[in-house]
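Below is one structure; the comments refer to it alone.
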Amino acid sequence: MTTAPITDPQAAMRLRELVFGAACAAAVRAAARLGVADALGEEPATVDDLASALDTEPKPLRRLLRALSCYGIFAETDGDRFTHTEMSRLLREDAPNSLRYISLWCTEPWTWEAWPRLDEAVRSGKNVFPDVFGKEFFDYLHSDAGDSAKVFDKAMTTSSRQSAADLAEYLDLTGVSSVVDIGGGQGHVLASLLEKHPDLHGTLLDLPKVVAGADPRLREGGALADRARLVPGDCRNAIPVRADLYIIKNILEWDDDSTRRTLANVVAAAAPGARVVVVENLVDDSPSMRFTTAMDLLLLLNVGGAKHSKTSMLSLMSAAGLKVGEVRPVNPYLHAFESTVPA
């Protein structure tokens with residue numbers, strides 16, 4: 001007679017909590033859409049007062065706040081009052097490092113239709129987005145989901161500004177007089193570097209429609225325009241820029257062939273000894289593994305892309321002919337791979 005294994009009550013409780021993870025994500029989204037964090041000041045407020053300010057019903061608002069407080073988002077105090085926590089403050093739109101739009105972006109309506117198909121994506125190794133929505137992800141976003149596209153733009157802008165500041169603080173530009181930000185979007189990294197280093201000149205390279213919407217500081221008439229150049233182009237086809245430093249941040253998430261072509265184009269364009277810094281989220285060496293691995297799965301679902309492991313990134317860079325040196329964290333989410341173009 002065999003005895004069934006004894007289940008650890010804590011393990012069972014934790015798994016029950018995890019499978020209700022959608023409830024937590026939905027609660028964060030609801031709080032962000034309602035503006036709860038913005039309505040709550042620095043002093044504890046009653047649920048009735050908050051409900052009045054937000055034009056909601058008090059009882060369901062209390063239920064929402066109580067659920068969020070279990071995760072450290074808001075905190076319940078005496079007298080049916082709630083107060084801010086470090087996490088809930090990040091949902092304020094005016095917070096210096098606000099995560100309001102990131103919270104909305106990661107819980108947009110399309111995500112709730114895509115996540116249940118993860119098993120199909122794992123089985124096939126391909127994105128499921130066209131099967132669900134009839135078109136590729138970005139085509140859908142810009143043609144069928146205008147509100148979601150606006151949330152995406154705001155989320156990427158706030159996230160880019162925050163990481164740009166961290167990267168500008170991280171990078172030692174001793175001996176560097178010119179830099180190119182490859183696939184740099186609106187150019188927040190480049191703008192941060194130019195502001196910090198008055199003698200630096202820089203180039204932003206990205207697709208034509210992206211460069212057209214570059215940070216106003218970099219465009220004609222902007223405060224940094226005299227030291228900035230905007231170059232429309234696709235880094236997977238060519239990189240027509242020579243500089244002391246090449247920065248490639250969070251764009252090597254396509255298929256490996258596209259990544260190889262981009263890195264090869266850098267090596268072809270750069271002078272011997274040029275510095276190349278690749279900045280990526282890693283799925284195997286990060287203080288925020290739950291975040292980076294979740295992004296990795298979302299990339300699989302919507303565009304068929306993937307976040308890199310430290311080993312996979314090192315392998316691709318070395319295969320491109322780059323001489324890779326240190327790999328160091330920029331912040332809890334990003335690592336920088338330092339390399340040079342050999343002589």
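Please note that chains go A, B, ... in the order of the structure tokens, that every chain numbers its residues from 1, and that ligands are numbered from 1 in the order shown.
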Show which residues sit within 10 Å of Glu42 in chain A, as a PDB file with N, CA and C atoms, in the first residue's frame. Count only C-alpha atoms, and ignore same-chain residues fewer than 4 positions away.
```
ATOM      1  N   THR A  83      -4.177  54.287   2.971  1.00  0.00           N
ATOM      2  CA  THR A  83      -3.072  55.224   2.780  1.00  0.00           C
ATOM      3  C   THR A  83      -2.125  54.699   1.712  1.00  0.00           C
ATOM      4  N   HIS A  84      -1.231  55.563   1.269  1.00  0.00           N
ATOM      5  CA  HIS A  84      -0.284  55.182   0.227  1.00  0.00           C
ATOM      6  C   HIS A  84       0.817  54.273   0.759  1.00  0.00           C
ATOM      7  N   THR A  85       1.377  53.471  -0.148  1.00  0.00           N
ATOM      8  CA  THR A  85       2.616  52.734   0.074  1.00  0.00           C
ATOM      9  C   THR A  85       3.582  53.145  -1.040  1.00  0.00           C
ATOM     10  N   ARG A  89       2.188  54.688  -4.757  1.00  0.00           N
ATOM     11  CA  ARG A  89       2.612  56.012  -5.250  1.00  0.00           C
ATOM     12  C   ARG A  89       3.084  55.937  -6.697  1.00  0.00           C
TER      13      ARG A  89
END
```
Quick one: which range 217-289 of chain A residues come within 10 Å of range 165-174 of chain A, and what is the nearest atom pair for each with the distance in Å to one decimal, counting only C-alpha atoms, rows ordered by chain and ascending number, as JSON lines?
```
{"residue": "A:Asp244", "atom": "CA", "partner": "A:Leu173", "partner_atom": "CA", "distance": 9.6}
{"residue": "A:Leu245", "atom": "CA", "partner": "A:Leu173", "partner_atom": "CA", "distance": 8.6}
{"residue": "A:Lys249", "atom": "CA", "partner": "A:Leu167", "partner_atom": "CA", "distance": 9.8}
{"residue": "A:Val277", "atom": "CA", "partner": "A:Leu171", "partner_atom": "CA", "distance": 9.3}
{"residue": "A:Val279", "atom": "CA", "partner": "A:Leu167", "partner_atom": "CA", "distance": 8.9}
```
Next item on the list: Considering only C-alpha atoms, state which residue in the set A:Ala243, A:Leu118, A:Arg219, A:Met317 is at the smallest distance from Asp256 in chain A.
Entry: A:Met317
Checklist line | Which residue of A:Asn265, A:Ser318, A:Asn237, A:Ser69 approaches Phe82 in chain A most closely, using only C-alpha atoms | finding: A:Ser69
Margin query: Neighbouring residues of range 54-66 of chain A were defined as those with any atom within 10 Å, considering only C-alpha atoms; residues of the same chain fewer than 5 positions away were excluded. Please report them as a ChimeraX atom specification.
Written below: /A:24,26-28,30-31,34-36,38-40,46-49,71-76,80-83
Next item on the list: Please give the complete set of residues from range 179-294 of chain A that DSSP, run on the backbone, assigns to strand (DSSP E or B), formatted as a ChimeraX atom specification.
Entry: /A:179-182,201-206,228-232,245-249,275-280,282
Could you write those residues out with N, CA and C atoms, as a PDB file, in the first residue's frame?
```
ATOM      1  N   VAL A 179      28.688  59.467 -30.455  1.00  0.00           N
ATOM      2  CA  VAL A 179      27.899  58.292 -30.094  1.00  0.00           C
ATOM      3  C   VAL A 179      26.729  58.161 -31.057  1.00  0.00           C
ATOM      4  N   VAL A 180      26.336  56.937 -31.350  1.00  0.00           N
ATOM      5  CA  VAL A 180      25.137  56.698 -32.141  1.00  0.00           C
ATOM      6  C   VAL A 180      24.231  55.745 -31.373  1.00  0.00           C
ATOM      7  N   ASP A 181      22.969  56.131 -31.266  1.00  0.00           N
ATOM      8  CA  ASP A 181      21.959  55.298 -30.597  1.00  0.00           C
ATOM      9  C   ASP A 181      21.189  54.580 -31.692  1.00  0.00           C
ATOM     10  N   ILE A 182      21.412  53.270 -31.812  1.00  0.00           N
ATOM     11  CA  ILE A 182      20.842  52.463 -32.894  1.00  0.00           C
ATOM     12  C   ILE A 182      19.463  51.947 -32.492  1.00  0.00           C
ATOM     13  N   HIS A 201      28.881  64.700 -29.343  1.00  0.00           N
ATOM     14  CA  HIS A 201      27.994  64.774 -30.498  1.00  0.00           C
ATOM     15  C   HIS A 201      27.362  63.397 -30.709  1.00  0.00           C
ATOM     16  N   GLY A 202      26.106  63.386 -31.166  1.00  0.00           N
ATOM     17  CA  GLY A 202      25.420  62.108 -31.273  1.00  0.00           C
ATOM     18  C   GLY A 202      24.492  61.996 -32.456  1.00  0.00           C
ATOM     19  N   THR A 203      24.200  60.737 -32.800  1.00  0.00           N
ATOM     20  CA  THR A 203      23.304  60.418 -33.914  1.00  0.00           C
ATOM     21  C   THR A 203      22.216  59.472 -33.432  1.00  0.00           C
ATOM     22  N   LEU A 204      21.000  59.738 -33.832  1.00  0.00           N
ATOM     23  CA  LEU A 204      19.880  58.834 -33.584  1.00  0.00           C
ATOM     24  C   LEU A 204      19.519  58.151 -34.890  1.00  0.00           C
ATOM     25  N   LEU A 205      19.582  56.821 -34.916  1.00  0.00           N
ATOM     26  CA  LEU A 205      19.232  56.036 -36.093  1.00  0.00           C
ATOM     27  C   LEU A 205      18.012  55.178 -35.794  1.00  0.00           C
ATOM     28  N   ASP A 206      16.953  55.391 -36.555  1.00  0.00           N
ATOM     29  CA  ASP A 206      15.749  54.562 -36.407  1.00  0.00           C
ATOM     30  C   ASP A 206      14.913  54.701 -37.674  1.00  0.00           C
ATOM     31  N   ALA A 228      23.266  67.107 -32.440  1.00  0.00           N
ATOM     32  CA  ALA A 228      22.534  65.871 -32.729  1.00  0.00           C
ATOM     33  C   ALA A 228      22.242  65.745 -34.219  1.00  0.00           C
ATOM     34  N   ARG A 229      22.278  64.521 -34.700  1.00  0.00           N
ATOM     35  CA  ARG A 229      21.925  64.231 -36.088  1.00  0.00           C
ATOM     36  C   ARG A 229      20.875  63.129 -36.086  1.00  0.00           C
ATOM     37  N   LEU A 230      19.827  63.314 -36.860  1.00  0.00           N
ATOM     38  CA  LEU A 230      18.750  62.328 -36.959  1.00  0.00           C
ATOM     39  C   LEU A 230      18.861  61.623 -38.305  1.00  0.00           C
ATOM     40  N   VAL A 231      19.057  60.311 -38.266  1.00  0.00           N
ATOM     41  CA  VAL A 231      19.266  59.538 -39.495  1.00  0.00           C
ATOM     42  C   VAL A 231      18.179  58.473 -39.620  1.00  0.00           C
ATOM     43  N   PRO A 232      17.287  58.585 -40.617  1.00  0.00           N
ATOM     44  CA  PRO A 232      16.286  57.542 -40.831  1.00  0.00           C
ATOM     45  C   PRO A 232      16.920  56.317 -41.483  1.00  0.00           C
ATOM     46  N   LEU A 245      31.259  55.387 -30.114  1.00  0.00           N
ATOM     47  CA  LEU A 245      30.434  54.501 -29.287  1.00  0.00           C
ATOM     48  C   LEU A 245      29.116  54.213 -29.974  1.00  0.00           C
ATOM     49  N   TYR A 246      28.765  52.927 -30.042  1.00  0.00           N
ATOM     50  CA  TYR A 246      27.478  52.481 -30.572  1.00  0.00           C
ATOM     51  C   TYR A 246      26.665  51.895 -29.423  1.00  0.00           C
ATOM     52  N   ILE A 247      25.438  52.385 -29.257  1.00  0.00           N
ATOM     53  CA  ILE A 247      24.553  51.879 -28.220  1.00  0.00           C
ATOM     54  C   ILE A 247      23.387  51.152 -28.883  1.00  0.00           C
ATOM     55  N   ILE A 248      23.141  49.929 -28.444  1.00  0.00           N
ATOM     56  CA  ILE A 248      22.017  49.134 -28.959  1.00  0.00           C
ATOM     57  C   ILE A 248      21.199  48.694 -27.753  1.00  0.00           C
ATOM     58  N   LYS A 249      20.084  49.347 -27.529  1.00  0.00           N
ATOM     59  CA  LYS A 249      19.324  49.103 -26.307  1.00  0.00           C
ATOM     60  C   LYS A 249      17.929  48.542 -26.606  1.00  0.00           C
ATOM     61  N   ARG A 275      33.731  51.309 -29.580  1.00  0.00           N
ATOM     62  CA  ARG A 275      33.063  50.650 -28.453  1.00  0.00           C
ATOM     63  C   ARG A 275      31.609  50.383 -28.808  1.00  0.00           C
ATOM     64  N   VAL A 276      31.131  49.182 -28.485  1.00  0.00           N
ATOM     65  CA  VAL A 276      29.738  48.796 -28.732  1.00  0.00           C
ATOM     66  C   VAL A 276      29.140  48.325 -27.415  1.00  0.00           C
ATOM     67  N   VAL A 277      28.063  48.980 -26.978  1.00  0.00           N
ATOM     68  CA  VAL A 277      27.400  48.611 -25.731  1.00  0.00           C
ATOM     69  C   VAL A 277      25.985  48.134 -26.058  1.00  0.00           C
ATOM     70  N   VAL A 278      25.728  46.874 -25.780  1.00  0.00           N
ATOM     71  CA  VAL A 278      24.403  46.287 -25.968  1.00  0.00           C
ATOM     72  C   VAL A 278      23.710  46.240 -24.611  1.00  0.00           C
ATOM     73  N   VAL A 279      22.505  46.778 -24.536  1.00  0.00           N
ATOM     74  CA  VAL A 279      21.767  46.848 -23.273  1.00  0.00           C
ATOM     75  C   VAL A 279      20.482  46.053 -23.423  1.00  0.00           C
ATOM     76  N   GLU A 280      20.292  45.057 -22.570  1.00  0.00           N
ATOM     77  CA  GLU A 280      19.145  44.163 -22.688  1.00  0.00           C
ATOM     78  C   GLU A 280      18.617  43.725 -21.322  1.00  0.00           C
ATOM     79  N   LEU A 282      17.623  40.514 -19.242  1.00  0.00           N
ATOM     80  CA  LEU A 282      18.052  39.119 -19.289  1.00  0.00           C
ATOM     81  C   LEU A 282      17.069  38.221 -18.552  1.00  0.00           C
TER      82      LEU A 282
END
```
Next item on the list: Please provide as a PyMOL selection string all residues within 12 Å of Thr107 in chain A, with the sequence filter that same-chain residues fewer than 6 positions apart are discarded (counting only C-alpha atoms).
Entry: chain A and resi 21-33+100-101+113-115+148+151-152+155+298
Can I get the selected residues back with N, CA, C and O atoms, as a PDB file, in the first residue's frame?
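Dumped everything to out_37.pdb:
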```pdb
ATOM      1  N   GLY A  21      -3.627  35.117 -10.301  1.00  0.00           N
ATOM      2  CA  GLY A  21      -2.804  36.268 -10.634  1.00  0.00           C
ATOM      3  C   GLY A  21      -3.510  37.284 -11.507  1.00  0.00           C
ATOM      4  O   GLY A  21      -3.233  38.485 -11.425  1.00  0.00           O
ATOM      5  N   ALA A  22      -4.425  36.817 -12.343  1.00  0.00           N
ATOM      6  CA  ALA A  22      -5.167  37.743 -13.208  1.00  0.00           C
ATOM      7  C   ALA A  22      -5.979  38.729 -12.380  1.00  0.00           C
ATOM      8  O   ALA A  22      -6.178  39.882 -12.795  1.00  0.00           O
ATOM      9  N   ALA A  23      -6.444  38.298 -11.211  1.00  0.00           N
ATOM     10  CA  ALA A  23      -7.227  39.192 -10.353  1.00  0.00           C
ATOM     11  C   ALA A  23      -6.363  40.338  -9.852  1.00  0.00           C
ATOM     12  O   ALA A  23      -6.812  41.496  -9.799  1.00  0.00           O
ATOM     13  N   CYS A  24      -5.115  40.049  -9.517  1.00  0.00           N
ATOM     14  CA  CYS A  24      -4.198  41.094  -9.060  1.00  0.00           C
ATOM     15  C   CYS A  24      -3.914  42.077 -10.190  1.00  0.00           C
ATOM     16  O   CYS A  24      -3.964  43.298 -10.003  1.00  0.00           O
ATOM     17  N   ALA A  25      -3.604  41.548 -11.377  1.00  0.00           N
ATOM     18  CA  ALA A  25      -3.330  42.417 -12.521  1.00  0.00           C
ATOM     19  C   ALA A  25      -4.537  43.279 -12.859  1.00  0.00           C
ATOM     20  O   ALA A  25      -4.410  44.472 -13.155  1.00  0.00           O
ATOM     21  N   ALA A  26      -5.728  42.677 -12.806  1.00  0.00           N
ATOM     22  CA  ALA A  26      -6.947  43.428 -13.103  1.00  0.00           C
ATOM     23  C   ALA A  26      -7.197  44.505 -12.055  1.00  0.00           C
ATOM     24  O   ALA A  26      -7.686  45.602 -12.378  1.00  0.00           O
ATOM     25  N   ALA A  27      -6.863  44.209 -10.797  1.00  0.00           N
ATOM     26  CA  ALA A  27      -7.057  45.191  -9.727  1.00  0.00           C
ATOM     27  C   ALA A  27      -6.117  46.385  -9.905  1.00  0.00           C
ATOM     28  O   ALA A  27      -6.511  47.538  -9.701  1.00  0.00           O
ATOM     29  N   VAL A  28      -4.875  46.111 -10.286  1.00  0.00           N
ATOM     30  CA  VAL A  28      -3.932  47.199 -10.544  1.00  0.00           C
ATOM     31  C   VAL A  28      -4.434  48.045 -11.709  1.00  0.00           C
ATOM     32  O   VAL A  28      -4.406  49.283 -11.661  1.00  0.00           O
ATOM     33  N   ARG A  29      -4.908  47.385 -12.763  1.00  0.00           N
ATOM     34  CA  ARG A  29      -5.435  48.112 -13.917  1.00  0.00           C
ATOM     35  C   ARG A  29      -6.629  48.977 -13.519  1.00  0.00           C
ATOM     36  O   ARG A  29      -6.729  50.146 -13.921  1.00  0.00           O
ATOM     37  N   ALA A  30      -7.535  48.416 -12.731  1.00  0.00           N
ATOM     38  CA  ALA A  30      -8.721  49.172 -12.312  1.00  0.00           C
ATOM     39  C   ALA A  30      -8.320  50.399 -11.500  1.00  0.00           C
ATOM     40  O   ALA A  30      -8.860  51.500 -11.712  1.00  0.00           O
ATOM     41  N   ALA A  31      -7.371  50.234 -10.597  1.00  0.00           N
ATOM     42  CA  ALA A  31      -6.924  51.362  -9.782  1.00  0.00           C
ATOM     43  C   ALA A  31      -6.287  52.438 -10.651  1.00  0.00           C
ATOM     44  O   ALA A  31      -6.495  53.641 -10.435  1.00  0.00           O
ATOM     45  N   ALA A  32      -5.510  52.013 -11.662  1.00  0.00           N
ATOM     46  CA  ALA A  32      -4.870  52.978 -12.560  1.00  0.00           C
ATOM     47  C   ALA A  32      -5.900  53.712 -13.403  1.00  0.00           C
ATOM     48  O   ALA A  32      -5.819  54.931 -13.594  1.00  0.00           O
ATOM     49  N   ARG A  33      -6.883  52.988 -13.919  1.00  0.00           N
ATOM     50  CA  ARG A  33      -7.908  53.620 -14.764  1.00  0.00           C
ATOM     51  C   ARG A  33      -8.819  54.542 -13.951  1.00  0.00           C
ATOM     52  O   ARG A  33      -9.247  55.600 -14.438  1.00  0.00           O
ATOM     53  N   ARG A 100       2.281  54.066 -14.026  1.00  0.00           N
ATOM     54  CA  ARG A 100       0.853  54.029 -14.366  1.00  0.00           C
ATOM     55  C   ARG A 100       0.631  53.475 -15.779  1.00  0.00           C
ATOM     56  O   ARG A 100      -0.191  52.562 -15.985  1.00  0.00           O
ATOM     57  N   TYR A 101       1.359  54.014 -16.755  1.00  0.00           N
ATOM     58  CA  TYR A 101       1.115  53.583 -18.136  1.00  0.00           C
ATOM     59  C   TYR A 101       1.702  52.214 -18.426  1.00  0.00           C
ATOM     60  O   TYR A 101       1.162  51.476 -19.260  1.00  0.00           O
ATOM     61  N   GLU A 113      -6.847  38.243 -24.165  1.00  0.00           N
ATOM     62  CA  GLU A 113      -7.181  37.259 -25.197  1.00  0.00           C
ATOM     63  C   GLU A 113      -5.961  36.460 -25.632  1.00  0.00           C
ATOM     64  O   GLU A 113      -6.092  35.329 -26.097  1.00  0.00           O
ATOM     65  N   ALA A 114      -4.781  37.043 -25.497  1.00  0.00           N
ATOM     66  CA  ALA A 114      -3.565  36.367 -25.952  1.00  0.00           C
ATOM     67  C   ALA A 114      -3.010  35.384 -24.924  1.00  0.00           C
ATOM     68  O   ALA A 114      -2.589  34.276 -25.279  1.00  0.00           O
ATOM     69  N   TRP A 115      -3.002  35.765 -23.642  1.00  0.00           N
ATOM     70  CA  TRP A 115      -2.387  34.910 -22.631  1.00  0.00           C
ATOM     71  C   TRP A 115      -2.955  33.485 -22.595  1.00  0.00           C
ATOM     72  O   TRP A 115      -2.176  32.516 -22.433  1.00  0.00           O
ATOM     73  N   SER A 148      -5.196  51.701 -27.322  1.00  0.00           N
ATOM     74  CA  SER A 148      -4.100  50.878 -26.827  1.00  0.00           C
ATOM     75  C   SER A 148      -2.760  51.383 -27.376  1.00  0.00           C
ATOM     76  O   SER A 148      -1.752  51.370 -26.670  1.00  0.00           O
ATOM     77  N   VAL A 151      -1.657  54.240 -25.252  1.00  0.00           N
ATOM     78  CA  VAL A 151      -1.123  53.749 -23.979  1.00  0.00           C
ATOM     79  C   VAL A 151       0.286  53.203 -24.188  1.00  0.00           C
ATOM     80  O   VAL A 151       1.193  53.446 -23.381  1.00  0.00           O
ATOM     81  N   PHE A 152       0.476  52.469 -25.292  1.00  0.00           N
ATOM     82  CA  PHE A 152       1.793  51.917 -25.619  1.00  0.00           C
ATOM     83  C   PHE A 152       2.828  53.032 -25.757  1.00  0.00           C
ATOM     84  O   PHE A 152       3.930  52.945 -25.190  1.00  0.00           O
ATOM     85  N   ALA A 155       3.581  54.483 -22.354  1.00  0.00           N
ATOM     86  CA  ALA A 155       4.329  53.526 -21.529  1.00  0.00           C
ATOM     87  C   ALA A 155       5.785  53.452 -21.968  1.00  0.00           C
ATOM     88  O   ALA A 155       6.706  53.453 -21.143  1.00  0.00           O
ATOM     89  N   LEU A 298       5.512  37.288 -23.097  1.00  0.00           N
ATOM     90  CA  LEU A 298       4.629  38.189 -23.838  1.00  0.00           C
ATOM     91  C   LEU A 298       5.168  38.428 -25.242  1.00  0.00           C
ATOM     92  O   LEU A 298       4.404  38.498 -26.211  1.00  0.00           O
TER      93      LEU A 298
END
```
Next item on the list: From a DSSP calculation on the backbone, collect every residue of range 128-315 of chain A in helix (DSSP H, G or I) and output the set as an MDAnalysis selection string.
Entry: chainID A and resid 129:133 137:144 146:170 188:196 208:211 225:227 256:269 289:302 310:315
Notebook entry, point to check: For Ala319 in chain A, which residue out of A:Asn127, A:Arg261, A:Ser178, A:Phe291 is the nearest one, using only C-alpha atoms?
Noted result: A:Arg261
Notebook entry, point to check: Which residue out of A:Asp215, A:Glu220, A:Asp119, A:Asp255 has the minimum interatomic distance to Thr157 in chain A when only C-alpha atoms are used?
Noted result: A:Asp215
